[in-house]
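Have a look at the structure below, then the notes.
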Amino acid sequence: MQLPERVLTGPVVLRHYTLSDAPRVRELAGDWEVAKTTAALPHPYSQAMAEDWISGHDETRNRGTDFPYAITRVDDGALVGSLGLRPLASDHGHFGYWIGRPHWGLSYATAATRAAIALLFAHTDAETLWADHLADNHGSSRVMEKCGMRVLRREAHPHRGEPRDFLVRGITRDEWDSLADRPR
């Protein structure tokens with residue numbers, strides 16, 4: 001499967017990472033306030049971890065298992081977060097994202113999530129896409145609601161060594177097609 005290298009969607013551009021992004025990834029992902037809201041982002045997060053992660057992107061894209069995108073601002077190209085798309089759902093669904101704390105509340109996550117849903121429905125045969133988030137992550141809850149994703153169930157999973165509640169949200173192809181504000 002091939003996905004585009006670059007996607008323009010509202011206030012953000014999704015693009016492939018380059019190694020030159022590693023310092024910014026380390027800076028944003030290394031913030032505990034960001035890491036604690038995610039299911040899989042390690043903390044602390046080092047420069048070497050960012051470089052290793054980015055270096056593995058070609059392999060995961062070639063295998064068709066994970067398609068990582070840098071979320072950048074359309075006006076100046078600054079990296080503000082990350083989005084990973086998975087044609088076959090992992091333990092945490094078909095996609096996941098994080099946004100750097102200085103960029104919270106600016107609609108970047110909503111734009112990236114809408115793009116993720118549009119890309120996955122356009123390039124896969126999936127009839128339902130799902131993703132999860134920590135139940136107490138109200139920002140992600142609101143983002144997914146704005147994208148038409150409804151709560152499917154609540155599940156407990158280990159998170160940083162402790163049991164935590166996650167909300168699993170999903171959207172069907174028909175539900176997505178009926179939304180007026182989806183990317184075309």
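In the structure tokens, chains take letters A, B, ... by order of appearance, with residues numbered from 1 within each chain and ligands from 1 in the order shown.
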
Show me a table, sorted first by chain and then by increasing residue number, of the residues of stretch 54-130 of chain A having an atom at most 8 Å from stretch 8-18 of chain A, each with its shortest atom pair and the distance in Å to one decimal, counting only C-alpha atoms and written as a Markdown table.
```
| residue | atom | partner | partner_atom | distance |
| --- | --- | --- | --- | --- |
| A:Ile54 | CA | A:Tyr17 | CA | 6.5 |
| A:Pro68 | CA | A:His16 | CA | 6.8 |
| A:Tyr69 | CA | A:His16 | CA | 5.0 |
| A:Ala70 | CA | A:Arg15 | CA | 5.3 |
| A:Ile71 | CA | A:Leu14 | CA | 4.9 |
| A:Thr72 | CA | A:Val13 | CA | 5.2 |
| A:Arg73 | CA | A:Val12 | CA | 4.6 |
| A:Val74 | CA | A:Val12 | CA | 4.7 |
| A:Asp75 | CA | A:Pro11 | CA | 7.7 |
| A:Gly77 | CA | A:Val13 | CA | 7.7 |
| A:Ser107 | CA | A:Pro11 | CA | 7.7 |
| A:Tyr108 | CA | A:Val12 | CA | 6.4 |
| A:Ala111 | CA | A:Thr9 | CA | 6.3 |
| A:Ala112 | CA | A:Val12 | CA | 7.2 |
| A:Ala115 | CA | A:Thr9 | CA | 6.6 |
```

Write the residues of the preceding selection, restricted to N, CA and C atoms, as an mmCIF file, in the first residue's frame.
```cif
data_model
loop_
_atom_site.group_PDB
_atom_site.id
_atom_site.type_symbol
_atom_site.label_atom_id
_atom_site.label_comp_id
_atom_site.auth_asym_id
_atom_site.auth_seq_id
_atom_site.Cartn_x
_atom_site.Cartn_y
_atom_site.Cartn_z
ATOM 1 N N ILE A 54 12.906 7.710 13.869
ATOM 2 C CA ILE A 54 12.796 8.262 12.511
ATOM 3 C C ILE A 54 13.525 7.365 11.510
ATOM 4 N N PRO A 68 4.181 6.781 9.610
ATOM 5 C CA PRO A 68 4.338 7.950 10.485
ATOM 6 C C PRO A 68 4.396 9.249 9.677
ATOM 7 N N TYR A 69 3.760 10.256 10.201
ATOM 8 C CA TYR A 69 3.775 11.590 9.598
ATOM 9 C C TYR A 69 4.132 12.626 10.655
ATOM 10 N N ALA A 70 4.948 13.584 10.249
ATOM 11 C CA ALA A 70 5.174 14.779 11.055
ATOM 12 C C ALA A 70 3.972 15.684 10.827
ATOM 13 N N ILE A 71 3.433 16.232 11.890
ATOM 14 C CA ILE A 71 2.362 17.225 11.782
ATOM 15 C C ILE A 71 3.050 18.581 11.856
ATOM 16 N N THR A 72 2.951 19.363 10.775
ATOM 17 C CA THR A 72 3.620 20.661 10.710
ATOM 18 C C THR A 72 2.602 21.754 10.408
ATOM 19 N N ARG A 73 2.916 22.959 10.845
ATOM 20 C CA ARG A 73 2.032 24.098 10.562
ATOM 21 C C ARG A 73 2.138 24.465 9.091
ATOM 22 N N VAL A 74 1.007 24.763 8.496
ATOM 23 C CA VAL A 74 0.993 25.100 7.079
ATOM 24 C C VAL A 74 1.697 26.430 6.813
ATOM 25 N N ASP A 75 1.617 27.379 7.750
ATOM 26 C CA ASP A 75 2.153 28.716 7.487
ATOM 27 C C ASP A 75 3.676 28.799 7.552
ATOM 28 N N GLY A 77 5.789 25.695 8.481
ATOM 29 C CA GLY A 77 6.426 24.376 8.434
ATOM 30 C C GLY A 77 6.935 23.857 9.767
ATOM 31 N N SER A 107 -6.373 23.268 17.168
ATOM 32 C CA SER A 107 -7.037 22.472 16.120
ATOM 33 C C SER A 107 -6.101 21.632 15.259
ATOM 34 N N TYR A 108 -4.824 21.545 15.627
ATOM 35 C CA TYR A 108 -3.900 20.726 14.833
ATOM 36 C C TYR A 108 -4.235 19.238 14.950
ATOM 37 N N ALA A 111 -7.413 18.465 12.828
ATOM 38 C CA ALA A 111 -7.106 18.428 11.390
ATOM 39 C C ALA A 111 -6.352 17.154 11.029
ATOM 40 N N ALA A 112 -5.377 16.777 11.848
ATOM 41 C CA ALA A 112 -4.595 15.567 11.574
ATOM 42 C C ALA A 112 -5.459 14.317 11.699
ATOM 43 N N ALA A 115 -7.664 13.976 8.691
ATOM 44 C CA ALA A 115 -6.850 13.497 7.569
ATOM 45 C C ALA A 115 -6.549 12.009 7.706
#
```

| task | Would you list, as a ChimeraX atom specification, the residues of stretch 22-170 of chain A that end up in strand (DSSP E) under DSSP run on this structure's backbone? | result | /A:67-73,79-90,93-99,128-134,150-159,162-170

| message | Can you tell me, as a ChimeraX atom specification, which residues in chain A count as helix (DSSP H, G or I) by DSSP? | response | /A:19-29,32-35,47-55,57-63,101-103,108-123,138-146,173-178

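Nearest residue to A:Trp176 among A:Gly148, A:Gly105, A:Gly96, A:Pro23 is A:Gly148, counting only C-alpha atoms.
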
| field | Contact residues around stretch 161-172 of chain A with only C-alpha atoms at 9 Å, ignoring same-chain residues under 5 positions, as a list in words | value | His92, Gly93, Ile117, Ala126, Glu127, Thr128, Leu129, Trp130, Ala131, Asp132, His133, Leu134, Ala135, Asp136, Ser141, Met144, Glu145, Cys147, Gly148, Met149, Arg150, Val151, Leu152, Arg153, Arg154, Glu155, Ala156 and Asp177 of chain A

How would the residues just chosen look if you wrote them out with N, CA and C atoms as a CSV table (one decimal), in the first residue's frame?
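Result written to out-v2.csv:
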```csv
chain,number,residue,atom,x,y,z
A,92,HIS,N,-3.6,-0.4,19.9
A,92,HIS,CA,-4.2,0.9,20.1
A,92,HIS,C,-5.0,1.5,18.9
A,93,GLY,N,-5.3,0.6,18.0
A,93,GLY,CA,-6.2,1.1,16.9
A,93,GLY,C,-5.5,1.4,15.6
A,117,ILE,N,-8.4,9.7,9.2
A,117,ILE,CA,-9.6,8.9,8.8
A,117,ILE,C,-9.8,8.9,7.3
A,126,ALA,N,-11.1,-1.2,5.1
A,126,ALA,CA,-11.7,-1.2,6.4
A,126,ALA,C,-13.1,-0.5,6.4
A,127,GLU,N,-14.1,-1.2,7.0
A,127,GLU,CA,-15.4,-0.6,7.1
A,127,GLU,C,-15.6,0.2,8.4
A,128,THR,N,-14.7,-0.1,9.4
A,128,THR,CA,-14.7,0.6,10.7
A,128,THR,C,-13.3,0.9,11.1
A,129,LEU,N,-13.0,2.2,11.4
A,129,LEU,CA,-11.7,2.5,12.0
A,129,LEU,C,-11.9,2.8,13.5
A,130,TRP,N,-10.9,2.5,14.2
A,130,TRP,CA,-11.0,2.7,15.7
A,130,TRP,C,-9.6,3.2,16.2
A,131,ALA,N,-9.7,3.9,17.3
A,131,ALA,CA,-8.5,4.3,18.1
A,131,ALA,C,-8.9,4.4,19.5
A,132,ASP,N,-7.9,4.4,20.4
A,132,ASP,CA,-8.2,4.5,21.8
A,132,ASP,C,-7.5,5.7,22.4
A,133,HIS,N,-7.9,6.1,23.6
A,133,HIS,CA,-7.2,7.2,24.3
A,133,HIS,C,-7.5,6.9,25.8
A,134,LEU,N,-6.6,7.4,26.6
A,134,LEU,CA,-6.8,7.4,28.0
A,134,LEU,C,-8.1,8.1,28.4
A,135,ALA,N,-8.9,7.4,29.2
A,135,ALA,CA,-10.2,8.0,29.5
A,135,ALA,C,-10.2,9.4,30.1
A,136,ASP,N,-9.1,9.7,30.8
A,136,ASP,CA,-9.0,11.0,31.4
A,136,ASP,C,-8.3,12.0,30.5
A,141,SER,N,-10.3,13.1,23.7
A,141,SER,CA,-11.8,12.7,23.7
A,141,SER,C,-12.5,13.7,22.8
A,144,MET,N,-11.6,13.4,18.9
A,144,MET,CA,-12.2,12.3,18.3
A,144,MET,C,-13.7,12.5,18.1
A,145,GLU,N,-14.4,13.1,19.1
A,145,GLU,CA,-15.8,13.5,19.0
A,145,GLU,C,-16.0,14.4,17.8
A,147,CYS,N,-14.4,14.6,15.2
A,147,CYS,CA,-14.2,13.9,14.0
A,147,CYS,C,-15.3,12.8,13.7
A,148,GLY,N,-16.3,12.7,14.5
A,148,GLY,CA,-17.4,11.8,14.3
A,148,GLY,C,-17.2,10.5,15.0
A,149,MET,N,-16.2,10.3,15.8
A,149,MET,CA,-15.9,9.0,16.4
A,149,MET,C,-16.7,8.9,17.7
A,150,ARG,N,-17.4,7.7,17.8
A,150,ARG,CA,-18.2,7.5,19.0
A,150,ARG,C,-17.5,6.5,19.9
A,151,VAL,N,-17.9,6.5,21.1
A,151,VAL,CA,-17.4,5.5,22.1
A,151,VAL,C,-17.9,4.1,21.8
A,152,LEU,N,-17.0,3.2,21.6
A,152,LEU,CA,-17.5,1.8,21.4
A,152,LEU,C,-17.4,1.0,22.7
A,153,ARG,N,-16.4,1.3,23.5
A,153,ARG,CA,-16.3,0.5,24.8
A,153,ARG,C,-15.2,1.2,25.6
A,154,ARG,N,-15.2,0.8,26.9
A,154,ARG,CA,-14.2,1.2,27.8
A,154,ARG,C,-13.4,-0.1,28.2
A,155,GLU,N,-12.1,0.1,28.2
A,155,GLU,CA,-11.2,-1.1,28.5
A,155,GLU,C,-10.1,-0.6,29.5
A,156,ALA,N,-9.7,-1.6,30.3
A,156,ALA,CA,-8.6,-1.3,31.2
A,156,ALA,C,-7.3,-2.0,30.6
A,177,ASP,N,-18.7,9.1,5.6
A,177,ASP,CA,-19.2,9.7,4.4
A,177,ASP,C,-20.4,10.6,4.6
```

| query | Using only C-alpha atoms, which of the listed residues (A:Glu33, A:Asp76, A:Asp66, A:Asp21) sits closest to A:Asp52? | reply |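 The shortest atom-to-atom distance to A:Asp52 comes from A:Asp21.
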
| task | Would you mind reading off the distance between atom CA of A:Val25 and atom CA of A:His157, one decimal, in Å? | result |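 A separation of 26.1 Å between them.
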
| Length of the atom CA of A:Leu79 to atom CA of A:Ala118 vector [Å] | 21.3 Å

10 Å contact set for A:Leu88, only C-alpha atoms, chain neighbours under 2 positions out, as a PDB file with all heavy atoms, in the first residue's frame:
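Below you can see result_30.pdb, which holds the result:
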```
ATOM      1  N   GLY A  64       4.289  -1.863   5.214  1.00  0.00           N
ATOM      2  CA  GLY A  64       2.874  -1.516   5.204  1.00  0.00           C
ATOM      3  C   GLY A  64       2.213  -1.603   6.563  1.00  0.00           C
ATOM      4  O   GLY A  64       0.987  -1.667   6.651  1.00  0.00           O
ATOM      5  N   THR A  65       3.013  -1.568   7.631  1.00  0.00           N
ATOM      6  CA  THR A  65       2.455  -1.724   8.976  1.00  0.00           C
ATOM      7  C   THR A  65       2.202  -0.404   9.689  1.00  0.00           C
ATOM      8  O   THR A  65       1.293  -0.314  10.516  1.00  0.00           O
ATOM      9  CB  THR A  65       3.382  -2.578   9.863  1.00  0.00           C
ATOM     10  OG1 THR A  65       4.675  -1.974   9.894  1.00  0.00           O
ATOM     11  CG2 THR A  65       3.481  -3.994   9.315  1.00  0.00           C
ATOM     12  N   ASP A  66       2.999   0.612   9.401  1.00  0.00           N
ATOM     13  CA  ASP A  66       2.873   1.894  10.093  1.00  0.00           C
ATOM     14  C   ASP A  66       3.351   2.994   9.161  1.00  0.00           C
ATOM     15  O   ASP A  66       4.388   2.863   8.510  1.00  0.00           O
ATOM     16  CB  ASP A  66       3.707   1.885  11.378  1.00  0.00           C
ATOM     17  CG  ASP A  66       3.379   3.044  12.310  1.00  0.00           C
ATOM     18  OD1 ASP A  66       2.304   3.661  12.168  1.00  0.00           O
ATOM     19  OD2 ASP A  66       4.210   3.340  13.181  1.00  0.00           O
ATOM     20  N   LEU A  85      -0.314   6.175  11.204  1.00  0.00           N
ATOM     21  CA  LEU A  85      -1.448   5.472  10.607  1.00  0.00           C
ATOM     22  C   LEU A  85      -1.104   4.003  10.469  1.00  0.00           C
ATOM     23  O   LEU A  85      -0.003   3.644  10.046  1.00  0.00           O
ATOM     24  CB  LEU A  85      -1.756   6.026   9.218  1.00  0.00           C
ATOM     25  CG  LEU A  85      -2.010   7.516   9.111  1.00  0.00           C
ATOM     26  CD1 LEU A  85      -2.273   7.903   7.663  1.00  0.00           C
ATOM     27  CD2 LEU A  85      -3.191   7.904   9.969  1.00  0.00           C
ATOM     28  N   ARG A  86      -2.061   3.144  10.810  1.00  0.00           N
ATOM     29  CA  ARG A  86      -1.865   1.697  10.715  1.00  0.00           C
ATOM     30  C   ARG A  86      -3.024   1.083   9.936  1.00  0.00           C
ATOM     31  O   ARG A  86      -4.154   1.059  10.442  1.00  0.00           O
ATOM     32  CB  ARG A  86      -1.767   1.096  12.115  1.00  0.00           C
ATOM     33  CG  ARG A  86      -0.540   1.615  12.876  1.00  0.00           C
ATOM     34  CD  ARG A  86      -0.494   1.124  14.305  1.00  0.00           C
ATOM     35  NE  ARG A  86      -1.512   1.689  15.171  1.00  0.00           N
ATOM     36  CZ  ARG A  86      -1.407   2.853  15.830  1.00  0.00           C
ATOM     37  NH1 ARG A  86      -0.324   3.579  15.710  1.00  0.00           N
ATOM     38  NH2 ARG A  86      -2.378   3.267  16.617  1.00  0.00           N
ATOM     39  N   SER A  90      -3.431  -1.879  15.475  1.00  0.00           N
ATOM     40  CA  SER A  90      -2.543  -2.421  16.505  1.00  0.00           C
ATOM     41  C   SER A  90      -3.347  -2.531  17.800  1.00  0.00           C
ATOM     42  O   SER A  90      -4.570  -2.376  17.792  1.00  0.00           O
ATOM     43  CB  SER A  90      -1.347  -1.487  16.705  1.00  0.00           C
ATOM     44  OG  SER A  90      -1.768  -0.317  17.401  1.00  0.00           O
ATOM     45  N   ASP A  91      -2.655  -2.719  18.904  1.00  0.00           N
ATOM     46  CA  ASP A  91      -3.337  -2.753  20.201  1.00  0.00           C
ATOM     47  C   ASP A  91      -4.061  -1.451  20.512  1.00  0.00           C
ATOM     48  O   ASP A  91      -4.953  -1.423  21.351  1.00  0.00           O
ATOM     49  CB  ASP A  91      -2.338  -3.041  21.324  1.00  0.00           C
ATOM     50  CG  ASP A  91      -1.789  -4.446  21.263  1.00  0.00           C
ATOM     51  OD1 ASP A  91      -2.366  -5.302  20.569  1.00  0.00           O
ATOM     52  OD2 ASP A  91      -0.761  -4.699  21.924  1.00  0.00           O
ATOM     53  N   GLY A  93      -5.322   0.649  17.971  1.00  0.00           N
ATOM     54  CA  GLY A  93      -6.182   1.066  16.873  1.00  0.00           C
ATOM     55  C   GLY A  93      -5.457   1.357  15.581  1.00  0.00           C
ATOM     56  O   GLY A  93      -4.308   0.967  15.376  1.00  0.00           O
ATOM     57  N   HIS A  94      -6.169   2.068  14.718  1.00  0.00           N
ATOM     58  CA  HIS A  94      -5.676   2.369  13.373  1.00  0.00           C
ATOM     59  C   HIS A  94      -4.799   3.614  13.312  1.00  0.00           C
ATOM     60  O   HIS A  94      -4.114   3.830  12.319  1.00  0.00           O
ATOM     61  CB  HIS A  94      -6.857   2.568  12.416  1.00  0.00           C
ATOM     62  CG  HIS A  94      -7.540   1.299  12.047  1.00  0.00           C
ATOM     63  ND1 HIS A  94      -8.651   0.832  12.718  1.00  0.00           N
ATOM     64  CD2 HIS A  94      -7.271   0.387  11.093  1.00  0.00           C
ATOM     65  CE1 HIS A  94      -9.046  -0.299  12.175  1.00  0.00           C
ATOM     66  NE2 HIS A  94      -8.226  -0.601  11.192  1.00  0.00           N
ATOM     67  N   PHE A  95      -4.856   4.440  14.323  1.00  0.00           N
ATOM     68  CA  PHE A  95      -4.002   5.628  14.318  1.00  0.00           C
ATOM     69  C   PHE A  95      -3.776   6.115  15.734  1.00  0.00           C
ATOM     70  O   PHE A  95      -4.493   5.768  16.662  1.00  0.00           O
ATOM     71  CB  PHE A  95      -4.586   6.747  13.443  1.00  0.00           C
ATOM     72  CG  PHE A  95      -5.875   7.321  13.944  1.00  0.00           C
ATOM     73  CD1 PHE A  95      -5.884   8.383  14.830  1.00  0.00           C
ATOM     74  CD2 PHE A  95      -7.086   6.801  13.526  1.00  0.00           C
ATOM     75  CE1 PHE A  95      -7.074   8.906  15.297  1.00  0.00           C
ATOM     76  CE2 PHE A  95      -8.282   7.315  13.984  1.00  0.00           C
ATOM     77  CZ  PHE A  95      -8.272   8.369  14.868  1.00  0.00           C
ATOM     78  N   LEU A 120      -7.122   6.632   5.623  1.00  0.00           N
ATOM     79  CA  LEU A 120      -7.328   5.207   5.860  1.00  0.00           C
ATOM     80  C   LEU A 120      -8.554   4.677   5.123  1.00  0.00           C
ATOM     81  O   LEU A 120      -8.506   3.591   4.549  1.00  0.00           O
ATOM     82  CB  LEU A 120      -7.405   4.920   7.357  1.00  0.00           C
ATOM     83  CG  LEU A 120      -6.054   5.019   8.071  1.00  0.00           C
ATOM     84  CD1 LEU A 120      -6.233   5.082   9.575  1.00  0.00           C
ATOM     85  CD2 LEU A 120      -5.151   3.857   7.685  1.00  0.00           C
ATOM     86  N   THR A 124      -7.737   1.832   2.326  1.00  0.00           N
ATOM     87  CA  THR A 124      -7.926   0.485   2.876  1.00  0.00           C
ATOM     88  C   THR A 124      -9.368   0.052   2.625  1.00  0.00           C
ATOM     89  O   THR A 124     -10.217   0.869   2.243  1.00  0.00           O
ATOM     90  CB  THR A 124      -7.666   0.416   4.398  1.00  0.00           C
ATOM     91  OG1 THR A 124      -8.701   1.118   5.085  1.00  0.00           O
ATOM     92  CG2 THR A 124      -6.298   0.987   4.771  1.00  0.00           C
ATOM     93  N   ALA A 126     -11.128  -1.160   5.083  1.00  0.00           N
ATOM     94  CA  ALA A 126     -11.742  -1.167   6.408  1.00  0.00           C
ATOM     95  C   ALA A 126     -13.126  -0.528   6.366  1.00  0.00           C
ATOM     96  O   ALA A 126     -13.311   0.517   5.737  1.00  0.00           O
ATOM     97  CB  ALA A 126     -10.858  -0.426   7.405  1.00  0.00           C
ATOM     98  N   LEU A 129     -13.009   2.152  11.446  1.00  0.00           N
ATOM     99  CA  LEU A 129     -11.699   2.528  11.981  1.00  0.00           C
ATOM    100  C   LEU A 129     -11.876   2.809  13.461  1.00  0.00           C
ATOM    101  O   LEU A 129     -12.909   3.341  13.884  1.00  0.00           O
ATOM    102  CB  LEU A 129     -11.170   3.782  11.287  1.00  0.00           C
ATOM    103  CG  LEU A 129     -10.934   3.671   9.791  1.00  0.00           C
ATOM    104  CD1 LEU A 129     -10.486   5.020   9.245  1.00  0.00           C
ATOM    105  CD2 LEU A 129      -9.907   2.600   9.472  1.00  0.00           C
TER     106      LEU A 129
END
```
